[in-house]
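Colleague: Got a structure here, written out as structure tokens. Questions coming.
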Amino acid sequence: MEEYKILAINPGSTSTKIAVFRNNKNIFLKNIKHSAEDIAKFKTIADQFSFRKEIILDELKQAGIDVNKISAVVGRGGLLKPIESGVYEVNEAMKNDLRNSIMGEHASNLGALIADDIARSLPSARAFIADPVVVDEMEEVARISGHPKFKRISIFHALNQKAIARLHAKSIDKKYEDLNLIIAHLGGGISVGAHKKGRVIDVNNALDGEGPFSPERAGTVPAGQLAKLCFSGEVTYDEVKKMLTGKGGLVAHAGTNDAYEIELKARSGDAKAKLLQDAMAYNIAKYIGSMAAVLKGEVDAIILTGGIAHNPDLVEYIKSMVGFIAPVAVYPGEDEMQALALNGLMVLKGEVMPKEYK
Ligand SMILES: Nc1ncnc2c1ncn2[C@@H]1O[C@H](COP(=O)(O)OP(=O)(O)O)[C@@H](O)[C@H]1O
Ligand SMILES: CCCC(=O)OP(=O)(O)O
């Protein structure tokens with residue numbers, strides 16, 4: 001069998017994860033954490049391009065990986081136009097949209113750009129993205145907000161939610177397409193999706209003022225108070241945007257995007273940290289409850305995943321609130337690196353045709 005080496009690149013809001021696969025075997029994996037201060041040095045996401053790219057190349061060099069043998073670089077897909085689930089070859093239209101931040105700014109915008117840049121520097125490598133954060137399978141009824149000027153849109157951890165859904169389905173000998181699941185990805189941002197027979201029919205916009213608060217996002221905030229603040233003359237547009245994304249959530253309340261730090265403080269008796277952690281868990285559970293209504297109570301399982309799903313206290317809090325709906329399964333961390341690499345491998349082996357982004 002022909003041997004392919006694949007580099008997977010996953011820029012998240014609080015980390016850059018990289019992995020190298022030889023066919024479907026993982027031979028290198030690294031999770032580089034970025035503190036709130038590190039990230040705050042950059043005005044825009046585009047400004048982080050060289051910082052994140054150099055970190056990736058340094059790590060590969062230190063690990064002794066021969067990059068010249070790489071056949072595909074697969075990046076986490078960012079804020080593109082809403083598109084269907086799948087693997088896409090990086091092209092000029094995609095790069096233009098990402099460079100111009102047509103749908104906003106998020107670290108995942110760098111996935112395709114860095115993948116393309118690295119692939120171009122190699123003898124024969126192609127660049128792809130898979131299941132970007134803009135995968136959109138929402139039902140029409142879920143798109144309508146309380147005012148025609150505001151439309152609900154699908155921005156979430158599509159890659160990991162889909163990968164974990166398939167992993168869970170396999171573990172119980174079922175197909176993803178036969179199950180109804182509620183999946184909460186608990187990372188730098190938090191998304192809670194209702195998966196109905198393989199389609200995410202509703203999900204909170206994890207990036208932009210919707211859903212539970214997260215390590216670095218405010219989530220849903222009282223709209224009237226937000227409008228008042230915006231016209232108070234006390235804050236600029238950019239400052240308000242940062243309050244919602246980047247400097248909201250745990251960063252605003254406690255000055256850190258590290259949920260593990262809050263977990264340790266809460267466990268050692270810090271009452272403020274405990275209340276903050278409980279509030280985050282409470283809001284996650286509340287959104288899971290709303291997705292149970294979306295699925296009309298027909299829920300095969302609730303799945304908790306992402307970095308914060310490592311926290312046993314937070315997981316117990318959520319279970320105590322939503323355990324009556326369906327069994328709760330916990331998949332701490334993510335399966336994104338394998339999902340990226342396997343999508344690239346399927347294209348290289350000719351098993352799937354990459355889609356074209358227009
Ligand atoms: N072992 C752990 N225990 C508790 N929290 C953790 C653990 N590992 C990571 N986290 C928390 O998970 C969050 C990051 O999750 P992750 O899914 O890696 O995010 P992202 O990809 O959005 O950067 C951070 O706030 C981090 O503190
Ligand atoms: C943009 C939606 C996905 C998201 O929030 O990712 P991070 O948790 O990596 O910021």
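Labels for the structure tokens follow display order: chains A, B, ..., residues from 1 in each chain, ligands from 1.
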Per residue of chain A within 6 Å of ligand 1, what are the shortest atom pair and its distance in Å to one decimal, counting only C-alpha atoms and all ligand atoms, with rows by chain and residue number, as a Markdown table?
Modeller:
```
| residue | atom | partner | partner_atom_place_in_ligand_line | distance |
| --- | --- | --- | --- | --- |
| A:Gly12 | CA | ligand 1 | 23 (O) | 4.1 |
| A:Ser13 | CA | ligand 1 | 23 (O) | 4.6 |
| A:Thr14 | CA | ligand 1 | 23 (O) | 3.7 |
| A:Ser15 | CA | ligand 1 | 23 (O) | 4.3 |
| A:Gly187 | CA | ligand 1 | 15 (O) | 3.5 |
| A:Gly188 | CA | ligand 1 | 22 (O) | 3.5 |
| A:Gly189 | CA | ligand 1 | 22 (O) | 5.5 |
| A:Pro215 | CA | ligand 1 | 25 (O) | 5.5 |
| A:Asn257 | CA | ligand 1 | 25 (O) | 5.3 |
| A:Asp258 | CA | ligand 1 | 27 (O) | 3.6 |
| A:Ala259 | CA | ligand 1 | 27 (O) | 3.8 |
| A:Tyr260 | CA | ligand 1 | 5 (N) | 4.0 |
| A:Gly306 | CA | ligand 1 | 17 (O) | 4.0 |
| A:Gly307 | CA | ligand 1 | 12 (O) | 3.5 |
| A:Ile308 | CA | ligand 1 | 12 (O) | 4.1 |
| A:His310 | CA | ligand 1 | 3 (N) | 4.4 |
| A:Asn311 | CA | ligand 1 | 4 (C) | 4.6 |
| A:Gly333 | CA | ligand 1 | 17 (O) | 5.7 |
```
Colleague: Residues as selected, N, CA and C atoms, written as a PDB file, in the first residue's frame, can you do that?
Modeller:
```pdb
ATOM      1  N   GLY A  12      -6.792  26.952  17.448  1.00  0.00           N
ATOM      2  CA  GLY A  12      -7.972  27.248  18.274  1.00  0.00           C
ATOM      3  C   GLY A  12      -7.762  28.573  18.980  1.00  0.00           C
ATOM      4  N   SER A  13      -8.782  29.035  19.696  1.00  0.00           N
ATOM      5  CA  SER A  13      -8.659  30.344  20.343  1.00  0.00           C
ATOM      6  C   SER A  13      -7.620  30.326  21.456  1.00  0.00           C
ATOM      7  N   THR A  14      -7.430  29.161  22.104  1.00  0.00           N
ATOM      8  CA  THR A  14      -6.492  29.120  23.226  1.00  0.00           C
ATOM      9  C   THR A  14      -5.297  28.202  22.965  1.00  0.00           C
ATOM     10  N   SER A  15      -5.225  27.633  21.751  1.00  0.00           N
ATOM     11  CA  SER A  15      -4.149  26.671  21.479  1.00  0.00           C
ATOM     12  C   SER A  15      -3.883  26.537  19.982  1.00  0.00           C
ATOM     13  N   GLY A 187     -14.676  24.126  24.860  1.00  0.00           N
ATOM     14  CA  GLY A 187     -13.294  24.552  24.600  1.00  0.00           C
ATOM     15  C   GLY A 187     -13.140  26.026  24.928  1.00  0.00           C
ATOM     16  N   GLY A 188     -12.255  26.711  24.198  1.00  0.00           N
ATOM     17  CA  GLY A 188     -12.109  28.163  24.367  1.00  0.00           C
ATOM     18  C   GLY A 188     -13.449  28.830  24.108  1.00  0.00           C
ATOM     19  N   GLY A 189     -14.179  28.328  23.107  1.00  0.00           N
ATOM     20  CA  GLY A 189     -15.581  28.662  22.881  1.00  0.00           C
ATOM     21  C   GLY A 189     -16.406  27.428  23.221  1.00  0.00           C
ATOM     22  N   PRO A 215     -14.528  30.000  28.343  1.00  0.00           N
ATOM     23  CA  PRO A 215     -13.295  30.624  28.832  1.00  0.00           C
ATOM     24  C   PRO A 215     -13.045  32.024  28.285  1.00  0.00           C
ATOM     25  N   ASN A 257      -7.958  32.529  30.573  1.00  0.00           N
ATOM     26  CA  ASN A 257      -8.750  31.682  29.656  1.00  0.00           C
ATOM     27  C   ASN A 257      -8.532  30.209  29.997  1.00  0.00           C
ATOM     28  N   ASP A 258      -7.849  29.963  31.128  1.00  0.00           N
ATOM     29  CA  ASP A 258      -7.483  28.605  31.502  1.00  0.00           C
ATOM     30  C   ASP A 258      -8.507  28.039  32.498  1.00  0.00           C
ATOM     31  N   ALA A 259      -9.419  27.247  31.981  1.00  0.00           N
ATOM     32  CA  ALA A 259     -10.482  26.687  32.838  1.00  0.00           C
ATOM     33  C   ALA A 259      -9.894  25.746  33.888  1.00  0.00           C
ATOM     34  N   TYR A 260      -8.719  25.189  33.589  1.00  0.00           N
ATOM     35  CA  TYR A 260      -8.080  24.275  34.551  1.00  0.00           C
ATOM     36  C   TYR A 260      -7.633  25.044  35.800  1.00  0.00           C
ATOM     37  N   GLY A 306     -14.380  18.246  24.314  1.00  0.00           N
ATOM     38  CA  GLY A 306     -13.560  19.460  24.423  1.00  0.00           C
ATOM     39  C   GLY A 306     -12.699  19.419  25.677  1.00  0.00           C
ATOM     40  N   GLY A 307     -11.745  20.346  25.768  1.00  0.00           N
ATOM     41  CA  GLY A 307     -10.769  20.351  26.864  1.00  0.00           C
ATOM     42  C   GLY A 307     -11.405  20.380  28.243  1.00  0.00           C
ATOM     43  N   ILE A 308     -12.472  21.158  28.408  1.00  0.00           N
ATOM     44  CA  ILE A 308     -13.059  21.336  29.748  1.00  0.00           C
ATOM     45  C   ILE A 308     -13.835  20.096  30.196  1.00  0.00           C
ATOM     46  N   HIS A 310     -12.585  17.472  30.638  1.00  0.00           N
ATOM     47  CA  HIS A 310     -11.667  16.777  31.551  1.00  0.00           C
ATOM     48  C   HIS A 310     -12.028  17.060  33.011  1.00  0.00           C
ATOM     49  N   ASN A 311     -12.780  18.143  33.246  1.00  0.00           N
ATOM     50  CA  ASN A 311     -13.041  18.586  34.625  1.00  0.00           C
ATOM     51  C   ASN A 311     -14.182  17.768  35.252  1.00  0.00           C
ATOM     52  N   GLY A 333     -11.335  16.239  25.679  1.00  0.00           N
ATOM     53  CA  GLY A 333     -10.402  16.595  24.592  1.00  0.00           C
ATOM     54  C   GLY A 333     -11.138  16.591  23.269  1.00  0.00           C
TER      55      GLY A 333
END
```
Colleague: Find the residues around His34 in chain A up to 8 Å (only C-alpha atoms counted), leave out those fewer than 2 positions away in its own chain, and share them as a list of chain:residue names.
Modeller: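 Those residues are A:Thr14, A:Ser15, A:Thr16, A:Ile32, A:Ala36, A:Asp38, A:Ile39.
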Colleague: Could those selected residues go to a file with C-alpha atoms, as a PDB file, in the first residue's frame?
Modeller:
```pdb
ATOM      1  CA  THR A  14      -6.492  29.120  23.226  1.00  0.00           C
ATOM      2  CA  SER A  15      -4.149  26.671  21.479  1.00  0.00           C
ATOM      3  CA  THR A  16      -2.451  25.491  18.293  1.00  0.00           C
ATOM      4  CA  ILE A  32       0.715  24.338  22.245  1.00  0.00           C
ATOM      5  CA  ALA A  36      -4.739  35.335  27.145  1.00  0.00           C
ATOM      6  CA  ASP A  38       0.098  35.945  24.440  1.00  0.00           C
ATOM      7  CA  ILE A  39      -2.986  36.360  22.257  1.00  0.00           C
TER       8      ILE A  39
END
```
Colleague: Check which residues fall inside 10 Å of ligand 2 when counting only C-alpha atoms and all ligand atoms, and print them as a PyMOL selection string.
Modeller: chain A and resi 10-16+76-79+104-109+132-134+154-160+185-191+204-208+214-217+245-246+306-307
Colleague: Once you have the residues from the selection above, write them out as a compact mmCIF listing (two decimals), in the first residue's frame, restricted to N, CA and C atoms.
Modeller:
```
# COMPACT_ATOMS: atom_id res chain seq x y z
N ASN A 10 -4.35 22.72 13.62
CA ASN A 10 -5.62 23.10 14.24
C ASN A 10 -5.44 24.34 15.13
N PRO A 11 -5.61 25.52 14.54
CA PRO A 11 -5.51 26.72 15.39
C PRO A 11 -6.83 26.97 16.12
N GLY A 12 -6.79 26.95 17.45
CA GLY A 12 -7.97 27.25 18.27
C GLY A 12 -7.76 28.57 18.98
N SER A 13 -8.78 29.03 19.70
CA SER A 13 -8.66 30.34 20.34
C SER A 13 -7.62 30.33 21.46
N THR A 14 -7.43 29.16 22.10
CA THR A 14 -6.49 29.12 23.23
C THR A 14 -5.30 28.20 22.96
N SER A 15 -5.22 27.63 21.75
CA SER A 15 -4.15 26.67 21.48
C SER A 15 -3.88 26.54 19.98
N THR A 16 -2.70 25.98 19.66
CA THR A 16 -2.45 25.49 18.29
C THR A 16 -2.09 24.02 18.43
N ARG A 76 -7.69 23.24 10.06
CA ARG A 76 -9.06 23.43 10.55
C ARG A 76 -9.67 24.59 9.76
N GLY A 77 -10.88 24.40 9.28
CA GLY A 77 -11.51 25.42 8.43
C GLY A 77 -12.17 26.52 9.23
N GLY A 78 -12.05 27.74 8.74
CA GLY A 78 -12.48 28.91 9.49
C GLY A 78 -13.80 29.51 9.03
N LEU A 79 -13.89 30.83 9.21
CA LEU A 79 -15.14 31.56 9.00
C LEU A 79 -15.32 31.91 7.52
N GLY A 104 -16.00 37.28 9.77
CA GLY A 104 -15.50 37.61 11.10
C GLY A 104 -14.14 37.00 11.36
N GLU A 105 -13.68 37.18 12.59
CA GLU A 105 -12.33 36.74 12.94
C GLU A 105 -12.36 35.61 13.97
N HIS A 106 -11.61 34.58 13.70
CA HIS A 106 -11.41 33.49 14.66
C HIS A 106 -10.12 32.79 14.26
N ALA A 107 -9.42 32.22 15.26
CA ALA A 107 -8.13 31.56 15.00
C ALA A 107 -8.22 30.54 13.87
N SER A 108 -9.37 29.89 13.72
CA SER A 108 -9.51 28.85 12.69
C SER A 108 -9.35 29.43 11.28
N ASN A 109 -9.48 30.76 11.12
CA ASN A 109 -9.23 31.37 9.80
C ASN A 109 -7.80 31.10 9.33
N PRO A 132 -15.38 22.79 8.33
CA PRO A 132 -15.04 24.08 8.95
C PRO A 132 -16.10 24.55 9.95
N VAL A 133 -15.78 25.59 10.70
CA VAL A 133 -16.69 26.05 11.76
C VAL A 133 -18.01 26.60 11.21
N VAL A 134 -18.09 26.79 9.88
CA VAL A 134 -19.31 27.34 9.28
C VAL A 134 -20.22 26.28 8.65
N SER A 154 -25.01 29.46 11.87
CA SER A 154 -24.37 28.26 12.41
C SER A 154 -22.85 28.44 12.43
N ILE A 155 -22.29 28.68 13.60
CA ILE A 155 -20.82 28.75 13.75
C ILE A 155 -20.48 27.94 14.99
N PHE A 156 -19.80 26.83 14.78
CA PHE A 156 -19.57 25.92 15.92
C PHE A 156 -18.42 24.97 15.64
N HIS A 157 -18.15 24.09 16.62
CA HIS A 157 -17.04 23.14 16.52
C HIS A 157 -17.49 21.95 15.67
N ALA A 158 -17.79 22.23 14.38
CA ALA A 158 -18.36 21.20 13.52
C ALA A 158 -17.44 19.98 13.41
N LEU A 159 -16.14 20.24 13.25
CA LEU A 159 -15.19 19.15 13.03
C LEU A 159 -15.22 18.17 14.20
N ASN A 160 -15.09 18.69 15.43
CA ASN A 160 -15.04 17.78 16.57
C ASN A 160 -16.41 17.19 16.89
N HIS A 185 -19.52 20.91 22.93
CA HIS A 185 -18.05 21.03 22.86
C HIS A 185 -17.64 22.14 23.82
N LEU A 186 -16.80 21.79 24.79
CA LEU A 186 -16.41 22.73 25.83
C LEU A 186 -14.94 23.09 25.65
N GLY A 187 -14.68 24.13 24.86
CA GLY A 187 -13.29 24.55 24.60
C GLY A 187 -13.14 26.03 24.93
N GLY A 188 -12.26 26.71 24.20
CA GLY A 188 -12.11 28.16 24.37
C GLY A 188 -13.45 28.83 24.11
N GLY A 189 -14.18 28.33 23.11
CA GLY A 189 -15.58 28.66 22.88
C GLY A 189 -16.41 27.43 23.22
N ILE A 190 -17.71 27.62 23.45
CA ILE A 190 -18.57 26.48 23.77
C ILE A 190 -19.74 26.43 22.79
N SER A 191 -19.93 25.26 22.16
CA SER A 191 -21.10 25.10 21.29
C SER A 191 -21.91 23.89 21.73
N ASN A 204 -25.92 26.82 18.96
CA ASN A 204 -25.65 28.24 19.25
C ASN A 204 -24.45 28.72 18.44
N ASN A 205 -24.47 29.97 18.06
CA ASN A 205 -23.30 30.58 17.40
C ASN A 205 -22.24 30.77 18.49
N ALA A 206 -21.24 29.88 18.48
CA ALA A 206 -20.27 29.84 19.59
C ALA A 206 -19.32 31.03 19.59
N LEU A 207 -19.34 31.78 18.50
CA LEU A 207 -18.35 32.85 18.39
C LEU A 207 -18.90 34.20 18.81
N ASP A 208 -20.19 34.38 18.63
CA ASP A 208 -20.69 35.74 18.57
C ASP A 208 -21.93 35.99 19.42
N SER A 214 -18.04 31.04 28.03
CA SER A 214 -16.96 30.07 27.88
C SER A 214 -15.67 30.69 28.41
N PRO A 215 -14.53 30.00 28.34
CA PRO A 215 -13.29 30.62 28.83
C PRO A 215 -13.05 32.02 28.29
N GLU A 216 -13.35 32.25 27.00
CA GLU A 216 -13.03 33.58 26.47
C GLU A 216 -14.18 34.29 25.75
N ARG A 217 -15.41 33.76 25.93
CA ARG A 217 -16.58 34.38 25.29
C ARG A 217 -17.72 34.63 26.27
N THR A 245 -16.18 38.43 22.57
CA THR A 245 -15.31 37.36 22.06
C THR A 245 -13.85 37.71 22.31
N GLY A 246 -13.17 36.91 23.07
CA GLY A 246 -11.75 37.15 23.34
C GLY A 246 -11.53 37.56 24.78
N GLY A 306 -14.38 18.25 24.31
CA GLY A 306 -13.56 19.46 24.42
C GLY A 306 -12.70 19.42 25.68
N GLY A 307 -11.75 20.35 25.77
CA GLY A 307 -10.77 20.35 26.86
C GLY A 307 -11.40 20.38 28.24
```
Colleague: Residues of range 107-257 of chain A classed as strand (DSSP E) by DSSP on the backbone are to be reported as a list in words.
Modeller: Arg126, Ala127, Phe128, Ile129, Ala130, Asn180, Leu181, Ile182, Ile183, Ala184, His185, Leu186, Ile190, Ser191, Val192, Gly193, Ala194, His195, Lys196, Arg199, Val200, Ile201, Asp202 and Val203 of chain A
Colleague: List as a VMD selection string the protein and nucleic acid residues near Met94 in chain A, meaning an atom at most 8 Å away when only C-alpha atoms are counted, but skip any in the same chain fewer than 2 places from it.
Modeller: chain A and resid 80 90 to 92 96 to 98 357 to 358
Colleague: One decimal, in Å: what's the spacing between CA of Arg199 in chain A and CA of Arg143 in chain A?
Modeller: 14.9 Å
Colleague: Calculated over only C-alpha atoms, which of the candidates A:Val141, A:Ile288, A:Leu276, A:Val221 has the smallest distance to Ala184 in chain A?
Modeller: A:Ile288
Colleague: Which residue out of A:Ile303, A:Leu345, A:Ala127, A:Ile262 has the minimum interatomic distance to Val328 in chain A when only C-alpha atoms are used?
Modeller: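 Counting only C-alpha atoms, the residue closest to Val328 in chain A is A:Ile303.
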Colleague: Here is a test: counting only C-alpha atoms, which residue of A:Asp116, A:Asp335, A:Asp173, A:Glu210 is nearest to Arg152 in chain A?
Modeller: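 Of the candidates, the smallest distance to Arg152 in chain A is held by A:Glu210.
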Colleague: With only C-alpha atoms as the atoms that count, which of A:Val87, A:Arg120, A:Asn24, A:Lys30 lies nearest to Gln62 in chain A?
Modeller: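 Once distances to Gln62 in chain A are computed over only C-alpha atoms, the minimum belongs to A:Lys30.
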Colleague: I'd like the contact shell of Leu181 in chain A - 8 Å cut-off, only C-alpha atoms, skipping same-chain residues fewer than 2 positions apart - returned as a PyMOL selection string.
Modeller: chain A and resi 165+179+183+194-196+299-303
